[in-house]
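Colleague: Below you'll find query_20.pdb; it's PDB, C-alpha atoms and all ligand atoms.
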ATOM      1  CA  MET A  22      88.027 100.781 102.431
ATOM      2  CA  ILE A  23      89.974  97.622 101.580
ATOM      3  CA  ASP A  24      93.742  97.617 102.192
ATOM      4  CA  VAL A  25      95.725  95.865  99.446
ATOM      5  CA  TYR A  26      99.176  94.660 100.497
ATOM      6  CA  TYR A  27     100.808  95.071  97.158
ATOM      7  CA  ALA A  28     103.855  94.987  94.941
ATOM      8  CA  PRO A  29     103.678  95.493  91.139
ATOM      9  CA  THR A  30     104.145  91.817  90.274
ATOM     10  CA  PRO A  31     102.119  89.317  88.181
ATOM     11  CA  ASN A  32     100.108  88.244  91.223
ATOM     12  CA  GLY A  33      99.997  91.698  92.781
ATOM     13  CA  VAL A  34      98.355  93.485  89.830
ATOM     14  CA  LYS A  35      95.358  91.148  89.861
ATOM     15  CA  ILE A  36      93.856  92.766  92.942
ATOM     16  CA  PRO A  37      93.711  96.470  92.008
ATOM     17  CA  ILE A  38      92.411  95.398  88.581
ATOM     18  CA  ALA A  39      89.538  93.501  90.222
ATOM     19  CA  LEU A  40      88.788  96.368  92.620
ATOM     20  CA  GLU A  41      88.799  98.937  89.813
ATOM     21  CA  GLU A  42      86.559  96.726  87.676
ATOM     22  CA  LEU A  43      84.166  96.320  90.615
ATOM     23  CA  GLY A  44      84.225 100.049  91.425
ATOM     24  CA  ALA A  45      85.268  99.296  95.016
ATOM     25  CA  PRO A  46      87.369 101.773  97.033
ATOM     26  CA  TYR A  47      90.788 100.540  98.126
ATOM     27  CA  ARG A  48      94.092 101.692  99.518
ATOM     28  CA  ILE A  49      97.484 100.369  98.434
ATOM     29  CA  VAL A  50      99.860  99.272 101.215
ATOM     30  CA  PRO A  51     103.229  98.869  99.425
ATOM     31  CA  VAL A  52     105.255  95.792 100.390
ATOM     32  CA  ASN A  53     108.942  95.986  99.473
ATOM     33  CA  LEU A  54     109.800  92.439  98.362
ATOM     34  CA  GLY A  55     113.468  93.386  97.876
ATOM     35  CA  ARG A  56     113.661  94.132 101.595
ATOM     36  CA  ASP A  57     111.735  90.948 102.488
ATOM     37  CA  GLU A  58     108.953  92.945 104.154
ATOM     38  CA  GLN A  59     106.659  90.002 103.278
ATOM     39  CA  LYS A  60     108.622  87.818 105.731
ATOM     40  CA  ARG A  61     108.186  90.132 108.742
ATOM     41  CA  PRO A  62     106.035  88.958 111.666
ATOM     42  CA  ASP A  63     103.301  91.574 111.127
ATOM     43  CA  PHE A  64     102.916  90.460 107.497
ATOM     44  CA  LEU A  65     103.101  86.741 108.362
ATOM     45  CA  ALA A  66     100.194  87.314 110.734
ATOM     46  CA  LEU A  67      98.145  88.148 107.618
ATOM     47  CA  ASN A  68      99.680  85.518 105.332
ATOM     48  CA  PRO A  69     101.708  82.725 106.923
ATOM     49  CA  ASN A  70     103.050  81.962 103.406
ATOM     50  CA  GLY A  71     104.885  85.292 103.359
ATOM     51  CA  ARG A  72     103.820  86.417  99.886
ATOM     52  CA  ILE A  73     101.770  89.181  98.347
ATOM     53  CA  PRO A  74      98.964  89.860  97.589
ATOM     54  CA  VAL A  75      96.905  90.071 100.770
ATOM     55  CA  ILE A  76      93.824  92.171 101.478
ATOM     56  CA  VAL A  77      92.347  93.373 104.747
ATOM     57  CA  ASP A  78      88.657  94.202 104.593
ATOM     58  CA  PRO A  79      87.583  96.201 107.679
ATOM     59  CA  LYS A  80      84.001  95.080 107.011
ATOM     60  CA  GLY A  81      84.267  91.330 106.529
ATOM     61  CA  PRO A  82      81.767  88.691 107.670
ATOM     62  CA  GLU A  83      79.479  89.937 110.497
ATOM     63  CA  GLY A  84      80.921  93.391 109.863
ATOM     64  CA  GLU A  85      84.229  92.398 111.474
ATOM     65  CA  PRO A  86      87.682  92.833 109.856
ATOM     66  CA  VAL A  87      89.023  89.936 107.815
ATOM     67  CA  SER A  88      92.273  89.304 105.962
ATOM     68  CA  VAL A  89      92.486  87.151 102.812
ATOM     69  CA  PHE A  90      95.630  85.736 101.171
ATOM     70  CA  GLU A  91      96.157  83.799  97.892
ATOM     71  CA  SER A  92      95.182  85.791  94.828
ATOM     72  CA  GLY A  93      92.533  83.297  93.680
ATOM     73  CA  ALA A  94      90.814  83.403  97.076
ATOM     74  CA  ILE A  95      90.993  87.209  97.084
ATOM     75  CA  LEU A  96      89.454  87.430  93.601
ATOM     76  CA  LEU A  97      86.582  85.149  94.607
ATOM     77  CA  TYR A  98      86.069  87.038  97.889
ATOM     78  CA  LEU A  99      85.826  90.356  96.051
ATOM     79  CA  ALA A 100      83.573  88.921  93.325
ATOM     80  CA  GLU A 101      81.157  87.624  95.978
ATOM     81  CA  LYS A 102      81.295  90.753  98.132
ATOM     82  CA  TYR A 103      80.658  93.203  95.301
ATOM     83  CA  GLY A 104      78.598  90.962  93.022
ATOM     84  CA  GLY A 105      80.618  91.083  89.805
ATOM     85  CA  LEU A 106      83.352  89.419  87.749
ATOM     86  CA  MET A 107      81.731  85.989  88.106
ATOM     87  CA  PRO A 108      79.199  84.998  85.432
ATOM     88  CA  ALA A 109      75.669  84.386  86.722
ATOM     89  CA  VAL A 110      75.087  81.787  83.980
ATOM     90  CA  PRO A 111      75.896  78.437  85.684
ATOM     91  CA  ARG A 112      77.919  76.984  82.775
ATOM     92  CA  GLU A 113      80.016  80.126  82.454
ATOM     93  CA  ARG A 114      80.519  80.172  86.210
ATOM     94  CA  ILE A 115      81.967  76.659  85.994
ATOM     95  CA  ARG A 116      84.309  77.738  83.192
ATOM     96  CA  ALA A 117      85.396  80.786  85.224
ATOM     97  CA  LEU A 118      86.264  78.536  88.169
ATOM     98  CA  GLU A 119      88.106  76.080  85.913
ATOM     99  CA  TYR A 120      90.299  78.745  84.359
ATOM    100  CA  LEU A 121      90.844  80.536  87.667
ATOM    101  CA  PHE A 122      92.214  77.335  89.223
ATOM    102  CA  PHE A 123      94.120  76.549  86.006
ATOM    103  CA  GLN A 124      95.937  79.850  86.500
ATOM    104  CA  VAL A 125      96.761  79.588  90.199
ATOM    105  CA  GLY A 126      97.681  75.893  89.975
ATOM    106  CA  GLY A 127      99.342  75.860  86.553
ATOM    107  CA  VAL A 128     100.235  79.047  84.705
ATOM    108  CA  GLY A 129     101.444  80.957  87.787
ATOM    109  CA  PRO A 130     103.794  78.303  89.203
ATOM    110  CA  MET A 131     105.126  77.177  85.798
ATOM    111  CA  PHE A 132     105.821  80.705  84.501
ATOM    112  CA  GLY A 133     107.412  81.551  87.849
ATOM    113  CA  GLN A 134     109.716  78.527  87.780
ATOM    114  CA  ALA A 135     110.638  79.058  84.111
ATOM    115  CA  GLY A 136     111.636  82.654  84.851
ATOM    116  CA  TRP A 137     113.592  81.634  87.928
ATOM    117  CA  PHE A 138     115.621  78.939  86.134
ATOM    118  CA  MET A 139     116.283  81.260  83.184
ATOM    119  CA  ARG A 140     117.890  83.807  85.507
ATOM    120  CA  GLN A 141     120.241  81.597  87.506
ATOM    121  CA  SER A 142     123.963  82.191  87.026
ATOM    122  CA  GLU A 143     124.437  78.412  86.831
ATOM    123  CA  ARG A 144     122.667  77.167  83.679
ATOM    124  CA  ILE A 145     120.436  74.225  84.634
ATOM    125  CA  THR A 146     119.221  73.161  81.207
ATOM    126  CA  ALA A 147     116.756  70.501  82.381
ATOM    127  CA  GLY A 148     114.977  73.040  84.622
ATOM    128  CA  ILE A 149     114.819  75.712  81.926
ATOM    129  CA  GLU A 150     113.549  73.303  79.280
ATOM    130  CA  ARG A 151     111.027  71.608  81.557
ATOM    131  CA  TYR A 152     109.372  74.817  82.800
ATOM    132  CA  GLN A 153     109.538  76.708  79.504
ATOM    133  CA  ALA A 154     107.928  73.778  77.681
ATOM    134  CA  GLU A 155     105.202  73.555  80.287
ATOM    135  CA  SER A 156     104.605  77.335  80.168
ATOM    136  CA  ARG A 157     104.267  77.164  76.382
ATOM    137  CA  ARG A 158     101.971  74.145  76.570
ATOM    138  CA  LEU A 159      99.680  75.938  79.050
ATOM    139  CA  THR A 160      99.647  79.055  76.856
ATOM    140  CA  ALA A 161      98.598  76.852  73.926
ATOM    141  CA  VAL A 162      95.643  75.632  76.040
ATOM    142  CA  LEU A 163      94.619  79.272  76.533
ATOM    143  CA  GLU A 164      95.084  79.925  72.807
ATOM    144  CA  THR A 165      92.662  77.123  71.946
ATOM    145  CA  ARG A 166      90.126  78.417  74.458
ATOM    146  CA  LEU A 167      90.379  82.023  73.254
ATOM    147  CA  GLN A 168      89.963  80.972  69.634
ATOM    148  CA  GLN A 169      86.565  79.640  70.699
ATOM    149  CA  SER A 170      85.274  82.392  72.999
ATOM    150  CA  PRO A 171      86.100  86.054  73.654
ATOM    151  CA  TRP A 172      86.816  85.554  77.359
ATOM    152  CA  LEU A 173      88.029  82.556  79.326
ATOM    153  CA  ALA A 174      84.667  81.945  81.001
ATOM    154  CA  GLY A 175      82.753  82.496  77.764
ATOM    155  CA  GLU A 176      80.903  85.682  76.835
ATOM    156  CA  ARG A 177      81.788  87.640  79.969
ATOM    157  CA  PHE A 178      85.001  89.128  81.343
ATOM    158  CA  SER A 179      85.663  87.477  84.718
ATOM    159  CA  VAL A 180      88.123  86.790  87.519
ATOM    160  CA  ALA A 181      89.625  84.085  85.264
ATOM    161  CA  ASP A 182      90.774  86.725  82.762
ATOM    162  CA  ILE A 183      92.174  88.953  85.508
ATOM    163  CA  ALA A 184      94.097  86.062  87.057
ATOM    164  CA  HIS A 185      95.792  85.180  83.748
ATOM    165  CA  PHE A 186      96.423  88.744  82.648
ATOM    166  CA  GLY A 187      99.042  89.312  85.379
ATOM    167  CA  TRP A 188     101.315  86.583  84.028
ATOM    168  CA  LEU A 189     100.492  86.637  80.286
ATOM    169  CA  ARG A 190     101.366  90.328  79.978
ATOM    170  CA  VAL A 191     104.931  89.457  81.040
ATOM    171  CA  ALA A 192     105.087  86.094  79.236
ATOM    172  CA  ASP A 193     108.582  86.722  77.895
ATOM    173  CA  TYR A 194     109.808  86.492  81.508
ATOM    174  CA  ALA A 195     109.067  82.755  81.183
ATOM    175  CA  GLY A 196     110.442  82.439  77.635
ATOM    176  CA  VAL A 197     106.942  82.444  76.081
ATOM    177  CA  ARG A 198     106.723  84.452  72.836
ATOM    178  CA  ILE A 199     103.198  85.822  72.888
ATOM    179  CA  ASP A 200     103.200  86.622  69.138
ATOM    180  CA  ARG A 201     103.017  82.861  68.557
ATOM    181  CA  TYR A 202      99.572  82.837  70.227
ATOM    182  CA  PRO A 203      97.422  85.319  68.249
ATOM    183  CA  ALA A 204      94.167  84.811  70.166
ATOM    184  CA  VAL A 205      95.984  85.297  73.479
ATOM    185  CA  GLN A 206      97.695  88.400  72.093
ATOM    186  CA  ASP A 207      94.356  89.852  70.976
ATOM    187  CA  TRP A 208      92.821  89.032  74.372
ATOM    188  CA  LEU A 209      95.737  90.770  76.155
ATOM    189  CA  GLN A 210      95.228  93.908  74.062
ATOM    190  CA  ARG A 211      91.491  93.936  74.804
ATOM    191  CA  ILE A 212      92.199  93.715  78.535
ATOM    192  CA  GLU A 213      94.921  96.393  78.402
ATOM    193  CA  SER A 214      92.480  98.795  76.742
ATOM    194  CA  ARG A 215      89.888  98.526  79.539
ATOM    195  CA  PRO A 216      89.748 101.823  81.499
ATOM    196  CA  ALA A 217      89.614 100.017  84.863
ATOM    197  CA  VAL A 218      92.753  98.057  83.991
ATOM    198  CA  GLN A 219      94.572 101.218  82.946
ATOM    199  CA  ARG A 220      93.614 102.886  86.244
ATOM    200  CA  ALA A 221      94.774  99.846  88.218
ATOM    201  CA  LEU A 222      98.152  99.791  86.451
ATOM    202  CA  SER A 223      98.806 103.520  86.879
ATOM    203  CA  PRO A 224     101.282 104.449  89.640
ATOM    204  CA  ASN A 225      98.703 106.523  91.566
ATOM    205  CA  HIS A 226      96.109 103.753  91.859
ATOM    206  CA  GLY A 227      94.094 103.331  95.036
ATOM    207  CA  ALA A 228      93.112 106.025  97.515
TER
HETATM  208  N1  LIG A 301      99.915  81.487  94.974
HETATM  209  C1  LIG A 301     100.172  82.838  95.394
HETATM  210  C2  LIG A 301     101.506  83.286  94.844
HETATM  211  C3  LIG A 301     101.923  84.627  95.422
HETATM  212  C4  LIG A 301     103.333  84.982  94.993
HETATM  213  O1  LIG A 301     104.097  84.162  94.463
HETATM  214  N2  LIG A 301     103.685  86.251  95.222
HETATM  215  C5  LIG A 301     105.025  86.713  94.891
HETATM  216  C6  LIG A 301     104.953  87.973  94.047
HETATM  217  S1  LIG A 301     104.173  87.643  92.472
HETATM  218  C7  LIG A 301     105.771  87.061  96.170
HETATM  219  O2  LIG A 301     105.203  87.561  97.119
HETATM  220  N3  LIG A 301     107.082  86.798  96.173
HETATM  221  C8  LIG A 301     107.929  87.112  97.291
HETATM  222  C9  LIG A 301     108.468  85.884  97.981
HETATM  223  O3  LIG A 301     108.322  84.781  97.460
HETATM  224  O4  LIG A 301     109.039  86.044  99.054
HETATM  225  C10 LIG A 301      99.023  83.754  94.945
HETATM  226  O5  LIG A 301      98.436  83.469  93.885
HETATM  227  O6  LIG A 301      98.714  84.740  95.643
END
Take the structure in this file and express it as structure tokens.
Modeller:
Amino acid sequence: MIDVYYAPTPNGVKIPIALEELGAPYRIVPVNLGRDEQKRPDFLALNPNGRIPVIVDPKGPEGEPVSVFESGAILLYLAEKYGGLMPAVPRERIRALEYLFFQVGGVGPMFGQAGWFMRQSERITAGIERYQAESRRLTAVLETRLQQSPWLAGERFSVADIAHFGWLRVADYAGVRIDRYPAVQDWLQRIESRPAVQRALSPNHGA
């Protein structure tokens, strides 16, 4: 059974969603970010970057335990291990990789910075405007893509959709009004209605 070092955050929710979609058993190990548990030595031994999510698979390569950090790496590890959530069609696989990296390199950091600047007691206008504008621009890229195809990779739901879902469902945190992006809004609703996603987001998820 895979241990998921978890907090209910935009990056955290990606992992139980993937595991539920793949039908893989897992156990939640709560990490209290408010108490900085992610900065303790035992956690840093799993992720030197001191952030969730992290997984520990007791049956990794050669049947030996392995830990994985960075949500994109975890999603790809799980997709390979359980044989799902990555399109088999080569062109769709390329699109899935593109949008997965677009999320971890673009949407995640920009939304995170926008939200951070918006919540500082000192108003730093240049920071707020820069990161909100970039968050909105990236969401417009997703809007264009989702006007063309039902899922980010193409015809199939994939790790790329899961990666974006965590942040897009809380887009207002970054000052992004999702009702201005109708294809993204429709896509969010289709993901929210998936039974595996509902299980993953329920408080009693995992073993
Ligand atoms: N690039 C990382 C980002 C992980 C990340 O930012 N995690 C946040 C929660 S969403 C966290 O652990 N924050 C606590 C901290 O920064 O100390 C990933 O995709 O896994």
Colleague: I need the residue set behind the PyMOL selection byres (((not hetatm)) within 6 of (chain A and resi 301)) for this file; please write it as a PyMOL selection string.
Modeller: chain A and resi 30-33+54+72-74+91-93+125
Colleague: Kindly give the distance, in Å, that separates atom CA of A:Val197 and atom CA of A:Arg157, rounded to a single decimal.
Modeller: 5.9 Å
Colleague: Any chance you could work out the residue set of the PyMOL selection byres (((chain A and resi 121) around 10) and not hetatm) here, as a ChimeraX atom specification?
Modeller: /A:92-94,96-97,115-120,122-128,173-174,179-185
Colleague: Expand the PyMOL selection byres (((chain A and resi 176) around 12) and not hetatm) into the explicit residue set it covers here, and present it as an MDAnalysis selection string.
Modeller: chainID A and resid 106:110 112:114 116:117 166:167 169:175 177:179 182
Colleague: Can you work out the spacing between atom CA of A:Gly105 and atom CA of A:Ser156 in Å, to one decimal?
Modeller: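 About the pair atom CA of A:Gly105 and atom CA of A:Ser156: they are 29.3 Å apart.
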Colleague: What gap, in Å, lies between atom CA of A:Leu40 and atom CA of A:Glu83?
Modeller: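 It comes out at 21.2 Å.
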Colleague: Find the residues around A:Val50 up to 10 Å (all atoms listed in the file counted), leave out those fewer than 4 positions away in its own chain, and share them as a ChimeraX atom specification.
Modeller: /A:24-28,75-76,227
Colleague: For a quick check of understanding, using all atoms listed in the file, which of A:Glu42, A:Asp193, A:Asp57, A:Glu101 has the smallest distance to A:Met139?
Modeller: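 Of all the options, A:Asp193 lies closest to A:Met139.
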Colleague: Which residues come within 10 Å of A:Ile199, counting all atoms listed in the file, excluding same-chain residues fewer than 6 positions away, as a count of residues only?
Modeller: 11
Colleague: Using all atoms listed in the file for the distances, tell me which of A:Ala154, A:Ile95, A:Ala161, A:Val89 is nearest to A:Arg201.
Modeller: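 The closest residue to A:Arg201 is A:Ala161.
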Colleague: Identify, on the basis of all atoms listed in the file, every residue whose closest approach to A:Val218 does not exceed 12 Å; exclude the query and any residue fewer than 6 positions from it along the same chain; express the result as number ranges by chain.
Modeller: A: 34-44, 182-183, 186-187, 209-212, 226
Colleague: How would the residues just picked look written out with C-alpha atoms as a CSV table (one decimal), in the frame of the given file?
Modeller:
chain,number,residue,atom,x,y,z
A,34,VAL,CA,98.4,93.5,89.8
A,35,LYS,CA,95.4,91.1,89.9
A,36,ILE,CA,93.9,92.8,92.9
A,37,PRO,CA,93.7,96.5,92.0
A,38,ILE,CA,92.4,95.4,88.6
A,39,ALA,CA,89.5,93.5,90.2
A,40,LEU,CA,88.8,96.4,92.6
A,41,GLU,CA,88.8,98.9,89.8
A,42,GLU,CA,86.6,96.7,87.7
A,43,LEU,CA,84.2,96.3,90.6
A,44,GLY,CA,84.2,100.0,91.4
A,182,ASP,CA,90.8,86.7,82.8
A,183,ILE,CA,92.2,89.0,85.5
A,186,PHE,CA,96.4,88.7,82.6
A,187,GLY,CA,99.0,89.3,85.4
A,209,LEU,CA,95.7,90.8,76.2
A,210,GLN,CA,95.2,93.9,74.1
A,211,ARG,CA,91.5,93.9,74.8
A,212,ILE,CA,92.2,93.7,78.5
A,226,HIS,CA,96.1,103.8,91.9
